Structure formats: C-alpha cells, structure tokens
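Undergrad: I'd like to ask you about the structure that follows.
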Amino acid sequence: MARYIFITGGVVSSLGKGLASAALGALLQARGYSVRLRKLDPYLNVDPGTMSPFEHGEVFVTDDGAETDLDLGHYERFTGVAARRTDSISAGRIYSNVLERERRGDYLGRTIQVVPHVTNEIKDYLRIGADETDFMLCEIGGTVGDIEGLPFYEAIRQFIHERPRGQSILMHLTLLPYIAAAGELKTKPTQHSVKELQSIGLAPDVLVCRSEHPIPEREREKIALFCNVRKEHVVAAYDLKSIYEAPLAYHREGLDQAVLDAFGISPAPRPNLARWHDVMDRLDHPEGEVRVAVVGKYTQLEDAYKSIAEALTHGGMANRVKVRAEWIDAEIFEREDPAPFLEPFNAILVPGGFGERGTEGKIRAAQYAREHKVPYLGICLGMQMAVIEAARNVAGMSRAGSEEFESAPGERRFEPVVYHLKEWVQGNESIRRNRDDDKGGSMRLGAYPAVLAAGSKAAEIYGGTTITERHRHRYEVDIRYRDLLEGCGLCFSGLSPDGRLPEIVEWKDHPWFVGVQFHPELKSKPFAPHPLFAGFIRAAIDSERLV
Ligand code: GLN
C-alpha cells in the first residue's frame, strides 16, 4: 500500500511546488523506492487541453492520451515514470463526473453535495493505483485559501484521517520574504498560511521555505515553534541556477530525510545520487555552445514550449554543449527575409502549434533550412510546414497547404497536402471523428507506434526501426503525395504500422533535416536525452557555422 505525500503551497503562487514534488520523487527513487506523482488542479476546466498556451503554458500529453498540466512533464523528466490519465485531475473533471452520475440517476434521488459526493469522487481518484507503488505524491495546484481548492483540501483531510496513522504526510511550501530595510527574513506569511491550513483541519509535517537568503537558525526555530513542525522538518529552498540542481539541492537541505523521518522510516535507506551528479556535471561543464532558433507562435510565454526548451537542454547535455535557444516569432518572416535573422544560428526548430497565424513564416524558415543546409527539426506542425514547403517550392504545387487553414469547411484556398484525419486505427480499434466533435475529443492523442525505413536517418537516430511516440494533432500529411515528394528527395522514413500515416519525413540531400508528426520533446529526460534532440544538437555542433 502506497504512502501518500500531499504537497500544498501557501503565501504566493509560483513557488515551484511542481519542481519540489518532482525533485522529492527523484530523491525517493534514489533511495530505492518506487514513486508516482499526481497533480490535482482546482480549476473548472475539465482538462488543460483547451486552455491557451499563452495563459497556461504547454499542454503535456501522456502515453494514454490525456492532455494534462505541464507539471506532469516535470514529474516525468525527474523520475522517468510515465504519467497516466489518472495522474492529472481537475475540479472540472470531478464535478463533471459527479453531475453525469446525477443525471444518470446513480445517486437515487439524494441531494448532491460537495461533502460527501464531490469529496468522495476526489478520494476515489486518489486511491487509484495505491497498491502499485511505494510513494504517491499528490500536488494540489494553487495556494491554500483559494475558494475552488476547498473541496480538494477537505477530501485530503478525510483521506488522511481514514487511512492508518503515519501513512500520509503533508508537505507545505511557503515563502520567506526578505525585507531589505530590516535586513530580515519574515516568517509571518508562513505562519499565516499554516494557520489557514490548520483552520481546514490540515497540519503540515514538512515545511519547505523558499528564500533568497540563508535561513538563520533562529528563524528556523521560530517557524518550527509557531507552525508546529519539527525544526529538522523545516527545509530551505534557495534559488537555483538550473532546475536539475533541485534533487541535489533539496537533498543537501535534508528534504528526503525529513520526509522519511515524518513517516517514521528509520534507518532510511542510503541514497544513490550518481544519476544527478552526472546530470549536473554535464550541465556545469559544457565544452562548447550552440545556438538554436525556435521559430514559433507562442513566443511570449516561456512555459508555452516548456518540454521543447528542456529537451534542447538535454540534447546539449548528451553532447556536452550548452544550448542557447532563442524564440523567434514566425510572423516576422511573413514580412521580412528570414536570412538575416537565421544566419547566426546553428540549427532551426519549428515546434507544434495550432491555427494559421504564423504558418507562412514557418514555411519560410523550413525553406531557409533546406536551402542553406542548416539542421532542421520540425515537430508536428513543424513537420507539416516542411512538407508544404517541399510541395510548393520543390514539387511545384504552388497552392499546397493544410486543411487546417481553410476558414470554412469545404473551402478550397489550398491544395491539402495536410488534411483533417477522421478515421484511424489505435491498437485493434478503429477511431472515427468529425470536425464538429468537441474540441478535446477530436485529436489523435497519446502514444502510437511507427515503423522506420531501414537505412534512413530516422532509423540511424533511433538505432532501430520500431518506435512509439506521443501525438497531439488533428491533421496529417496525406500519404497520397508520398511518391511525388519522394521523387523530389523528401523521404517518408517513418510511417504508422498500416502504412497510411506519415510519421517522419527527412530530406535526402541534407545533413540533418527531419520532420516528425509526434512530440519527441515529451519523452526526453536529462538522464536520457531523446535521440532526436541528441542527434539534432550533434548536427548543430557539426554545422560549419559553429559560433
Ligand atoms: N495544428 C496541427 C494539427 O492539429 C499541428 C498540431 C501540433 O503541432 N501539435 O495537426
């Protein structure tokens, strides 16, 4: 039976709860335990799939096809444990399940209430998979005191109470603000947020205090006293150069020790942190630097391409170089020649995206990369744009485009080399969709296998010919253009097992030009960089324009 660790936050948001949870997961693994991480989000969206990347950052996709919060990406990057659909739960999902049951009459006419119906639904979710892992880490989004978070906190209170003593703990993250005029760290906001927790029946066992300055012993004692936490369980969290420092930094501050101690696990198994020392060694001692242009759309918000940024870093770590990624708004290339912008870069990446805006600019970026033999990695939309570029500028189809860019169904501004897929096969199942299906449901989502052509660059990169990768898209490159485009030198080197869906394309006469219909960035880890990113950065290093 799993031991449960609930992770909450107070004082302000953005304290790095997700990172702390992920790092703790990694540290427990380093001590030989199995872990699973979960995110409970109090917002009312059923899932983050339809939330704008501008507002909420990237949508992380799991193997089993769930569109989840980007924190699940952190969890996977730190622990290597593939997240599942049931590891991301929003209040919207909970309420929608409860209401659906109510409509079906499952509650036999009773009055439906937050307690116990909503809280029971939350507890049912919490229990899923409890017998499969040593530790279940559940992070609650938002900060304590948020109105919509209350059902979650109440469910956790009940859950902890109902389980055997000592089987669940609560770890609370807070901020110790530094008041320069007084030259002091202030503990009051932490005290208040712990009070807030206590008022809803929860008491922290471990306090993680974010601080820009070292926490003096005296302050630690004060926090322990006023917050009813042991002094050794008050753990400092200082700002880090890199997120990958978090496991070692938290270990130094005693987080994993405090957690095991709170569970009464003694003596604690010794940790093996070799993996994280190696990660830090690669990050801290790069032997060179490459510059990568990411030509995208959601360039104002760093989190919108979180996994891509991380996967590029991993690709650098695999090759012991530092990767300087710069985000360029694709729309610029619709007005201006891309050459002066792209010349300083060793490689070009065009990431995924939705909608027509910026796509002509991405097509020009792909054209530049092809013509100037600059390493190119096109991801999802980035592959579709590379194919359209090839069709237009090499195969002579001047009106080549994607059905996604037609404003009305049936409109024909473009010749659709990329079309809206309505039926496909997943395992033994045939899936049918139409354009009007609800927004969350009409995409090819999650892990799908692909078969790579022997002797292709793709097969060389992967070191094999069968792969599975995660998808999130509605549109596909039309296989009917394969012969035409292969005749021009664009090889369809990866296909779905039934041969109907192009999964990877690559230019034959190019040092490294690869487009993939899936999202390799979602599976990259610092200790296991994704081969496509490792290969892409290798090609960037080999490109002659090393800066
Ligand atoms: N908009 C494209 C599609 O739906 C690409 C999606 C993506 O890049 N994730 O097919």
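Following the order of the structure tokens, first chain is A, next is B, and so on, with residues numbered from 1 inside each chain and ligands from 1 in the order they appear.
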Kindly work out which residues sit at most 10 Å from ligand 1, using only C-alpha atoms and all ligand atoms, and give the list as a ChimeraX atom specification.
TA: /A:59,350-356,359,378-385,402-405,418-421,442-445,471-477,516-519
Undergrad: Show which residues sit within 9 Å of A:Gln158, as a list in words. Count only C-alpha atoms, and ignore same-chain residues fewer than 4 positions away.
TA: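 That gives Thr119, Lys123, Tyr153, Glu154, Glu162 and Arg163 of chain A.
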Undergrad: Assign secondary structure with DSSP using the backbone only, and return the residues of stretch 178-424 of chain A in alpha helix (DSSP H) as a PDB file with C-alpha atoms, in the first residue's frame.
TA:
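Result file follows (selection_38.pdb):
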```
ATOM      1  CA  LYS A 188       4.750  35.813   9.379  1.00  0.00           C
ATOM      2  CA  PRO A 189       3.316  34.934   5.955  1.00  0.00           C
ATOM      3  CA  THR A 190       4.411  31.336   6.538  1.00  0.00           C
ATOM      4  CA  GLN A 191       2.730  31.313   9.938  1.00  0.00           C
ATOM      5  CA  HIS A 192      -0.452  32.666   8.381  1.00  0.00           C
ATOM      6  CA  SER A 193      -0.558  30.128   5.635  1.00  0.00           C
ATOM      7  CA  VAL A 194      -0.033  27.287   8.091  1.00  0.00           C
ATOM      8  CA  LYS A 195      -2.894  28.739  10.182  1.00  0.00           C
ATOM      9  CA  GLU A 196      -5.022  28.721   7.057  1.00  0.00           C
ATOM     10  CA  LEU A 197      -4.247  25.029   6.610  1.00  0.00           C
ATOM     11  CA  GLN A 198      -4.973  24.310  10.245  1.00  0.00           C
ATOM     12  CA  SER A 199      -8.326  26.035  10.021  1.00  0.00           C
ATOM     13  CA  GLU A 217      18.905  29.014  12.804  1.00  0.00           C
ATOM     14  CA  ARG A 218      16.847  31.373  14.930  1.00  0.00           C
ATOM     15  CA  GLU A 219      14.227  31.857  12.208  1.00  0.00           C
ATOM     16  CA  ARG A 220      14.060  28.144  11.634  1.00  0.00           C
ATOM     17  CA  GLU A 221      13.351  27.600  15.322  1.00  0.00           C
ATOM     18  CA  LYS A 222      10.698  30.259  15.249  1.00  0.00           C
ATOM     19  CA  ILE A 223       8.969  28.733  12.235  1.00  0.00           C
ATOM     20  CA  ALA A 224       9.088  25.304  13.860  1.00  0.00           C
ATOM     21  CA  LEU A 225       7.600  26.637  17.070  1.00  0.00           C
ATOM     22  CA  PHE A 226       4.818  28.707  15.559  1.00  0.00           C
ATOM     23  CA  CYS A 227       3.907  26.280  12.811  1.00  0.00           C
ATOM     24  CA  ALA A 246      16.822  20.626  -7.398  1.00  0.00           C
ATOM     25  CA  PRO A 247      17.295  16.969  -6.375  1.00  0.00           C
ATOM     26  CA  LEU A 248      20.845  17.538  -5.082  1.00  0.00           C
ATOM     27  CA  ALA A 249      19.963  20.889  -3.521  1.00  0.00           C
ATOM     28  CA  TYR A 250      16.919  19.503  -1.712  1.00  0.00           C
ATOM     29  CA  HIS A 251      18.941  16.534  -0.591  1.00  0.00           C
ATOM     30  CA  ARG A 252      21.595  18.836   0.851  1.00  0.00           C
ATOM     31  CA  LEU A 255      14.171  17.183   2.363  1.00  0.00           C
ATOM     32  CA  ASP A 256      14.163  13.446   1.690  1.00  0.00           C
ATOM     33  CA  GLN A 257      15.481  12.747   5.181  1.00  0.00           C
ATOM     34  CA  ALA A 258      12.738  14.922   6.688  1.00  0.00           C
ATOM     35  CA  VAL A 259      10.047  13.161   4.658  1.00  0.00           C
ATOM     36  CA  LEU A 260      11.229   9.657   5.570  1.00  0.00           C
ATOM     37  CA  ASP A 261      11.553  10.750   9.168  1.00  0.00           C
ATOM     38  CA  ALA A 262       7.993  12.116   9.126  1.00  0.00           C
ATOM     39  CA  ALA A 274      25.039   9.217  -9.165  1.00  0.00           C
ATOM     40  CA  ARG A 275      22.447   9.989 -11.859  1.00  0.00           C
ATOM     41  CA  TRP A 276      22.010  13.559 -10.613  1.00  0.00           C
ATOM     42  CA  HIS A 277      25.719  14.140 -10.154  1.00  0.00           C
ATOM     43  CA  ASP A 278      26.235  13.139 -13.777  1.00  0.00           C
ATOM     44  CA  VAL A 279      23.398  15.421 -14.916  1.00  0.00           C
ATOM     45  CA  MET A 280      24.947  18.355 -13.068  1.00  0.00           C
ATOM     46  CA  ASP A 281      28.415  17.569 -14.330  1.00  0.00           C
ATOM     47  CA  ARG A 282      27.165  17.752 -17.905  1.00  0.00           C
ATOM     48  CA  LEU A 283      25.302  20.978 -17.247  1.00  0.00           C
ATOM     49  CA  ASP A 284      28.093  22.668 -15.343  1.00  0.00           C
ATOM     50  CA  LYS A 306       8.417  24.039 -21.798  1.00  0.00           C
ATOM     51  CA  SER A 307       9.207  20.496 -22.906  1.00  0.00           C
ATOM     52  CA  ILE A 308      10.959  21.709 -26.052  1.00  0.00           C
ATOM     53  CA  ALA A 309      13.183  24.023 -24.046  1.00  0.00           C
ATOM     54  CA  GLU A 310      14.029  21.167 -21.694  1.00  0.00           C
ATOM     55  CA  ALA A 311      14.582  18.633 -24.484  1.00  0.00           C
ATOM     56  CA  LEU A 312      17.001  21.048 -26.177  1.00  0.00           C
ATOM     57  CA  THR A 313      18.929  21.320 -22.918  1.00  0.00           C
ATOM     58  CA  HIS A 314      19.007  17.515 -22.722  1.00  0.00           C
ATOM     59  CA  GLY A 315      20.240  17.335 -26.313  1.00  0.00           C
ATOM     60  CA  GLY A 316      23.059  19.663 -25.261  1.00  0.00           C
ATOM     61  CA  MET A 317      23.833  17.535 -22.226  1.00  0.00           C
ATOM     62  CA  ALA A 318      24.070  14.437 -24.422  1.00  0.00           C
ATOM     63  CA  ILE A 332       8.218  38.231 -38.609  1.00  0.00           C
ATOM     64  CA  PHE A 333       9.188  36.075 -41.576  1.00  0.00           C
ATOM     65  CA  GLU A 334       5.923  36.911 -43.299  1.00  0.00           C
ATOM     66  CA  ARG A 335       7.106  40.487 -43.560  1.00  0.00           C
ATOM     67  CA  ALA A 339      18.073  35.081 -43.735  1.00  0.00           C
ATOM     68  CA  PRO A 340      19.498  37.872 -41.547  1.00  0.00           C
ATOM     69  CA  PHE A 341      17.569  36.534 -38.557  1.00  0.00           C
ATOM     70  CA  LEU A 342      18.548  32.920 -39.030  1.00  0.00           C
ATOM     71  CA  THR A 359       2.423  29.399 -40.640  1.00  0.00           C
ATOM     72  CA  GLU A 360       3.695  31.198 -43.760  1.00  0.00           C
ATOM     73  CA  GLY A 361       6.649  32.337 -41.653  1.00  0.00           C
ATOM     74  CA  LYS A 362       7.310  28.785 -40.502  1.00  0.00           C
ATOM     75  CA  ILE A 363       7.228  27.609 -44.103  1.00  0.00           C
ATOM     76  CA  ARG A 364       9.876  30.213 -44.933  1.00  0.00           C
ATOM     77  CA  ALA A 365      12.004  29.073 -42.007  1.00  0.00           C
ATOM     78  CA  ALA A 366      11.807  25.490 -43.318  1.00  0.00           C
ATOM     79  CA  GLN A 367      12.737  26.712 -46.792  1.00  0.00           C
ATOM     80  CA  TYR A 368      15.728  28.574 -45.401  1.00  0.00           C
ATOM     81  CA  ALA A 369      16.902  25.487 -43.511  1.00  0.00           C
ATOM     82  CA  ARG A 370      16.532  23.268 -46.592  1.00  0.00           C
ATOM     83  CA  GLU A 371      18.271  25.643 -48.962  1.00  0.00           C
ATOM     84  CA  LEU A 381       3.058  21.485 -37.214  1.00  0.00           C
ATOM     85  CA  GLY A 382       6.773  21.972 -37.930  1.00  0.00           C
ATOM     86  CA  MET A 383       6.772  18.761 -39.971  1.00  0.00           C
ATOM     87  CA  GLN A 384       3.562  19.726 -41.758  1.00  0.00           C
ATOM     88  CA  MET A 385       5.101  23.080 -42.709  1.00  0.00           C
ATOM     89  CA  ALA A 386       8.237  21.358 -44.044  1.00  0.00           C
ATOM     90  CA  VAL A 387       6.060  19.123 -46.219  1.00  0.00           C
ATOM     91  CA  ILE A 388       4.054  22.072 -47.528  1.00  0.00           C
ATOM     92  CA  GLU A 389       7.313  23.883 -48.255  1.00  0.00           C
ATOM     93  CA  ALA A 390       8.592  20.881 -50.204  1.00  0.00           C
ATOM     94  CA  ALA A 391       5.335  20.578 -52.142  1.00  0.00           C
ATOM     95  CA  ARG A 392       5.277  24.252 -53.035  1.00  0.00           C
ATOM     96  CA  ASN A 393       8.896  25.008 -53.723  1.00  0.00           C
TER      97      ASN A 393
END
```
Undergrad: Could you pull the residues within 12 Å of A:Gly535, counting only C-alpha atoms, minus those fewer than 5 positions along the same chain, as a list of chain:residue names?
TA: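 After dropping sequence-adjacent residues, the list is A:Ala311, A:Leu312, A:His314, A:Gly315, A:Gly316, A:Met317, A:Ala318, A:Asn319, A:Ala347, A:Pro375, A:Tyr376, A:Leu377, A:Lys457, A:Ala458, A:Ala459, A:Glu460, A:Ile461, A:Tyr462, A:Gly463, A:Pro511, A:Trp512, A:Phe513, A:Val514, A:Pro529, A:His530, A:Ala540, A:Ile541, A:Asp542.
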Undergrad: Could you give me, as a ChimeraX atom specification, each residue of stretch 282-322 of chain A that DSSP assigns to strand (DSSP E) when run on this structure's backbone?
TA: /A:289-296,322
